[in-house]
Structure formats: structure tokens, C-alpha cells
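> Here's a structure for you.
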Amino acid sequence: MVLGLGLAGCAFPSRDTFSATPVGADVTTISAARAFEGRIPLVTILPGTTDYAGPIAGVVKQVLAIKASAAFDVEAQAPAGVTPDSSAATLAGLSGTASGVARAIIADGVQPANVQLTAKTVGPEPEIVIFVK
């Protein structure tokens, strides 16, 4: 009975629990969610990350154990900038890490023809994501 009285004053966790005025999704976030079209990234790498080779090797090994002919799409993503040039500059800044990730996937045993390197202006933050087919 004491336990029941103690729990009576509790509230279930919700967005209001963490913030009295929660921030709703903006148009950019909604657009980013739609851009995946049902695809969920297997791995997300933040800009400036340099120690990705080890974790990627483990992921590649697991994927190849399930499907030896798996295709990997390494996609550099940058938010739409004020101008096309600013978006292009952000994507250019991500290109070195994205190509390094693609090389690491190939070094882990994936055929070069099964690794695609793409770039897209989407989402609220710059990042590199890996999709697997």
C-alpha cells in the first residue's frame, strides 16, 4: 500500500518531463526523415572522426556474414546552406572522411564495385552515413 501511495505522485516520462516547452520538428528535420525513404543508416560518422576503421571493420564483417554480395552506400550529408556554394563547401569538407570510409570498407573485403560514394544536401547537421543493400 505504501508503494502504491509513493507511485501515485509519479508521472510517466514524456517530452514534457524533460522540457516544459519541447521543441517541435522543423521543416529541415522532417525533410531529412523523408529523404531516407525507408532506409535507415547502418552507421553514422560525425565530421572530424578519425578512428572509424576498427568499428567499420566489425560492421562490414557482420554484414558480409549475412550477405556476401552486400552493397554499401557511403553518403556525405550536409544541411542545405544559404547558397549552393556554402552547401558545396560543407560537402567538400566531408569528402575526405567519406572517401576514407569507402576505402576502409573496401580494405575490409568488400568489392570496389559494391561501394558507392555519394553526397546529398539533407538533414540538420553534416554527417557521413553508411547504408547497406
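Chain lettering (A, B, ...) mirrors the order of the C-alpha cells, residue numbering begins at 1 for each chain separately, and ligand numbering begins at 1 in order of display.
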Please identify all polymer residues within 10 Å of Pro41 (chain A), counting only C-alpha atoms, omitting same-chain residues fewer than 2 positions from it, and present them as a tab-separated table (two decimals) with all heavy atoms, in the first residue's frame.


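result_22.tsv was written with the following content:
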```
chain	number	residue	atom	x	y	z
A	36	PHE	N	15.29	9.65	-46.47
A	36	PHE	CA	15.78	8.28	-46.34
A	36	PHE	C	14.87	7.29	-47.05
A	36	PHE	O	15.29	6.19	-47.37
A	36	PHE	CB	15.91	7.88	-44.86
A	36	PHE	CG	17.06	8.55	-44.17
A	36	PHE	CD1	16.83	9.40	-43.11
A	36	PHE	CD2	18.36	8.34	-44.58
A	36	PHE	CE1	17.87	10.02	-42.47
A	36	PHE	CE2	19.40	8.96	-43.95
A	36	PHE	CZ	19.17	9.79	-42.89
A	38	GLY	N	12.59	5.23	-46.18
A	38	GLY	CA	12.55	3.90	-45.59
A	38	GLY	C	13.90	3.30	-45.28
A	38	GLY	O	13.98	2.25	-44.67
A	39	ARG	N	14.97	3.95	-45.72
A	39	ARG	CA	16.31	3.44	-45.43
A	39	ARG	C	16.76	3.99	-44.09
A	39	ARG	O	16.60	5.16	-43.80
A	39	ARG	CB	17.31	3.84	-46.51
A	39	ARG	CG	16.97	3.31	-47.87
A	39	ARG	CD	18.02	3.57	-48.91
A	39	ARG	NE	18.58	4.92	-48.85
A	39	ARG	CZ	19.70	5.29	-49.45
A	39	ARG	NH1	20.38	4.42	-50.16
A	39	ARG	NH2	20.14	6.51	-49.36
A	43	VAL	N	25.43	2.97	-40.10
A	43	VAL	CA	26.44	3.67	-39.31
A	43	VAL	C	26.35	5.16	-39.62
A	43	VAL	O	26.15	5.54	-40.77
A	43	VAL	CB	27.87	3.16	-39.65
A	43	VAL	CG1	28.92	3.92	-38.88
A	43	VAL	CG2	27.99	1.67	-39.39
A	44	THR	N	26.52	5.99	-38.60
A	44	THR	CA	26.61	7.43	-38.77
A	44	THR	C	27.93	7.90	-38.21
A	44	THR	O	28.28	7.55	-37.08
A	44	THR	CB	25.46	8.16	-38.04
A	44	THR	OG1	24.21	7.68	-38.56
A	44	THR	CG2	25.55	9.66	-38.23
A	73	ASP	N	26.61	2.04	-49.45
A	73	ASP	CA	26.49	3.41	-49.95
A	73	ASP	C	27.00	4.34	-48.85
A	73	ASP	O	26.37	4.47	-47.80
A	73	ASP	CB	25.04	3.72	-50.29
A	73	ASP	CG	24.84	5.13	-50.85
A	73	ASP	OD1	25.85	5.80	-51.17
A	73	ASP	OD2	23.68	5.56	-50.95
A	74	VAL	N	28.15	4.96	-49.08
A	74	VAL	CA	28.72	5.93	-48.14
A	74	VAL	C	28.26	7.30	-48.62
A	74	VAL	O	28.63	7.73	-49.70
A	74	VAL	CB	30.26	5.84	-48.11
A	74	VAL	CG1	30.83	6.88	-47.16
A	74	VAL	CG2	30.72	4.44	-47.75
A	75	GLU	N	27.44	7.96	-47.80
A	75	GLU	CA	26.82	9.21	-48.23
A	75	GLU	C	27.23	10.35	-47.31
A	75	GLU	O	26.96	10.32	-46.11
A	75	GLU	CB	25.31	9.04	-48.24
A	75	GLU	CG	24.55	10.23	-48.76
A	75	GLU	CD	23.07	9.94	-48.88
A	75	GLU	OE1	22.67	9.31	-49.88
A	75	GLU	OE2	22.32	10.31	-47.96
A	128	ILE	N	28.30	11.73	-42.09
A	128	ILE	CA	28.53	10.70	-43.10
A	128	ILE	C	27.77	9.47	-42.64
A	128	ILE	O	27.93	9.01	-41.51
A	128	ILE	CB	30.03	10.41	-43.25
A	128	ILE	CG1	30.73	11.67	-43.72
A	128	ILE	CG2	30.26	9.25	-44.21
A	128	ILE	CD1	32.19	11.69	-43.47
A	129	VAL	N	26.90	8.96	-43.50
A	129	VAL	CA	26.12	7.79	-43.15
A	129	VAL	C	26.43	6.65	-44.11
A	129	VAL	O	26.80	6.88	-45.27
A	129	VAL	CB	24.60	8.10	-43.14
A	129	VAL	CG1	24.24	9.08	-42.05
A	129	VAL	CG2	24.13	8.61	-44.48
A	130	ILE	N	26.30	5.44	-43.61
A	130	ILE	CA	26.53	4.25	-44.43
A	130	ILE	C	25.24	3.47	-44.50
A	130	ILE	O	24.69	3.08	-43.47
A	130	ILE	CB	27.66	3.37	-43.84
A	130	ILE	CG1	28.94	4.17	-43.71
A	130	ILE	CG2	27.86	2.13	-44.69
A	130	ILE	CD1	30.05	3.45	-42.96
A	131	PHE	N	24.78	3.24	-45.73
A	131	PHE	CA	23.61	2.41	-45.98
A	131	PHE	C	24.10	1.09	-46.57
A	131	PHE	O	25.12	1.05	-47.25
A	131	PHE	CB	22.65	3.08	-46.97
A	131	PHE	CG	22.08	4.38	-46.48
A	131	PHE	CD1	22.53	5.59	-46.97
A	131	PHE	CD2	21.07	4.39	-45.54
A	131	PHE	CE1	22.00	6.78	-46.54
A	131	PHE	CE2	20.53	5.58	-45.11
A	131	PHE	CZ	20.99	6.79	-45.61
A	132	VAL	N	23.34	0.03	-46.33
A	132	VAL	CA	23.69	-1.28	-46.88
A	132	VAL	C	22.47	-1.83	-47.62
A	132	VAL	O	21.35	-1.75	-47.13
A	132	VAL	CB	24.12	-2.26	-45.77
A	132	VAL	CG1	24.41	-3.63	-46.34
A	132	VAL	CG2	25.33	-1.72	-45.04
```

> Using DSSP on the backbone coordinates, identify the residues of region 27-98 of chain A assigned to strand (DSSP E); present them as a PyMOL selection string.

chain A and resi 43-45+72-78

> Using only C-alpha atoms, can you tell me which of A:Ala88, A:Ala76, A:Ala70, A:Ala119 comes closest to Ile106 (chain A)?

A:Ala70

> Using only C-alpha atoms, which residues sit within 10 Å of Gly100 (chain A) once same-chain residues fewer than 3 positions away are excluded, as a PDB file with N, CA, C and O atoms, in the first residue's frame?


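What landed in selection.pdb:
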```
ATOM      1  N   THR A  50      38.204  10.317 -36.776  1.00  0.00           N
ATOM      2  CA  THR A  50      39.328   9.701 -37.481  1.00  0.00           C
ATOM      3  C   THR A  50      39.513   8.233 -37.122  1.00  0.00           C
ATOM      4  O   THR A  50      40.204   7.511 -37.838  1.00  0.00           O
ATOM      5  N   TYR A  52      37.508   5.567 -37.216  1.00  0.00           N
ATOM      6  CA  TYR A  52      36.362   4.804 -37.679  1.00  0.00           C
ATOM      7  C   TYR A  52      36.729   3.435 -38.249  1.00  0.00           C
ATOM      8  O   TYR A  52      35.876   2.577 -38.391  1.00  0.00           O
ATOM      9  N   ALA A  53      37.982   3.183 -38.577  1.00  0.00           N
ATOM     10  CA  ALA A  53      38.370   1.955 -39.273  1.00  0.00           C
ATOM     11  C   ALA A  53      38.027   0.696 -38.471  1.00  0.00           C
ATOM     12  O   ALA A  53      37.489  -0.267 -39.033  1.00  0.00           O
ATOM     13  N   VAL A  74      28.148   4.964 -49.083  1.00  0.00           N
ATOM     14  CA  VAL A  74      28.718   5.927 -48.143  1.00  0.00           C
ATOM     15  C   VAL A  74      28.264   7.300 -48.617  1.00  0.00           C
ATOM     16  O   VAL A  74      28.630   7.734 -49.699  1.00  0.00           O
ATOM     17  N   SER A  95      34.179  15.340 -47.794  1.00  0.00           N
ATOM     18  CA  SER A  95      34.578  14.376 -48.821  1.00  0.00           C
ATOM     19  C   SER A  95      35.803  13.559 -48.438  1.00  0.00           C
ATOM     20  O   SER A  95      35.879  12.369 -48.767  1.00  0.00           O
ATOM     21  N   GLY A  96      36.760  14.146 -47.748  1.00  0.00           N
ATOM     22  CA  GLY A  96      37.953  13.397 -47.354  1.00  0.00           C
ATOM     23  C   GLY A  96      37.623  12.256 -46.411  1.00  0.00           C
ATOM     24  O   GLY A  96      38.087  11.119 -46.597  1.00  0.00           O
ATOM     25  N   THR A  97      36.800  12.534 -45.403  1.00  0.00           N
ATOM     26  CA  THR A  97      36.410  11.483 -44.458  1.00  0.00           C
ATOM     27  C   THR A  97      35.541  10.441 -45.154  1.00  0.00           C
ATOM     28  O   THR A  97      35.713   9.237 -44.939  1.00  0.00           O
ATOM     29  N   ARG A 103      37.222   3.710 -48.572  1.00  0.00           N
ATOM     30  CA  ARG A 103      38.453   2.918 -48.698  1.00  0.00           C
ATOM     31  C   ARG A 103      38.554   1.876 -47.582  1.00  0.00           C
ATOM     32  O   ARG A 103      39.007   0.753 -47.807  1.00  0.00           O
ATOM     33  N   ALA A 104      38.121   2.240 -46.374  1.00  0.00           N
ATOM     34  CA  ALA A 104      38.164   1.298 -45.250  1.00  0.00           C
ATOM     35  C   ALA A 104      37.221   0.121 -45.499  1.00  0.00           C
ATOM     36  O   ALA A 104      37.560  -1.031 -45.193  1.00  0.00           O
ATOM     37  N   ILE A 105      36.065   0.389 -46.066  1.00  0.00           N
ATOM     38  CA  ILE A 105      35.110  -0.684 -46.374  1.00  0.00           C
ATOM     39  C   ILE A 105      35.710  -1.626 -47.412  1.00  0.00           C
ATOM     40  O   ILE A 105      35.618  -2.846 -47.284  1.00  0.00           O
ATOM     41  N   ILE A 106      36.349  -1.072 -48.431  1.00  0.00           N
ATOM     42  CA  ILE A 106      36.991  -1.892 -49.461  1.00  0.00           C
ATOM     43  C   ILE A 106      38.135  -2.704 -48.857  1.00  0.00           C
ATOM     44  O   ILE A 106      38.295  -3.889 -49.150  1.00  0.00           O
TER      45      ILE A 106
END
```
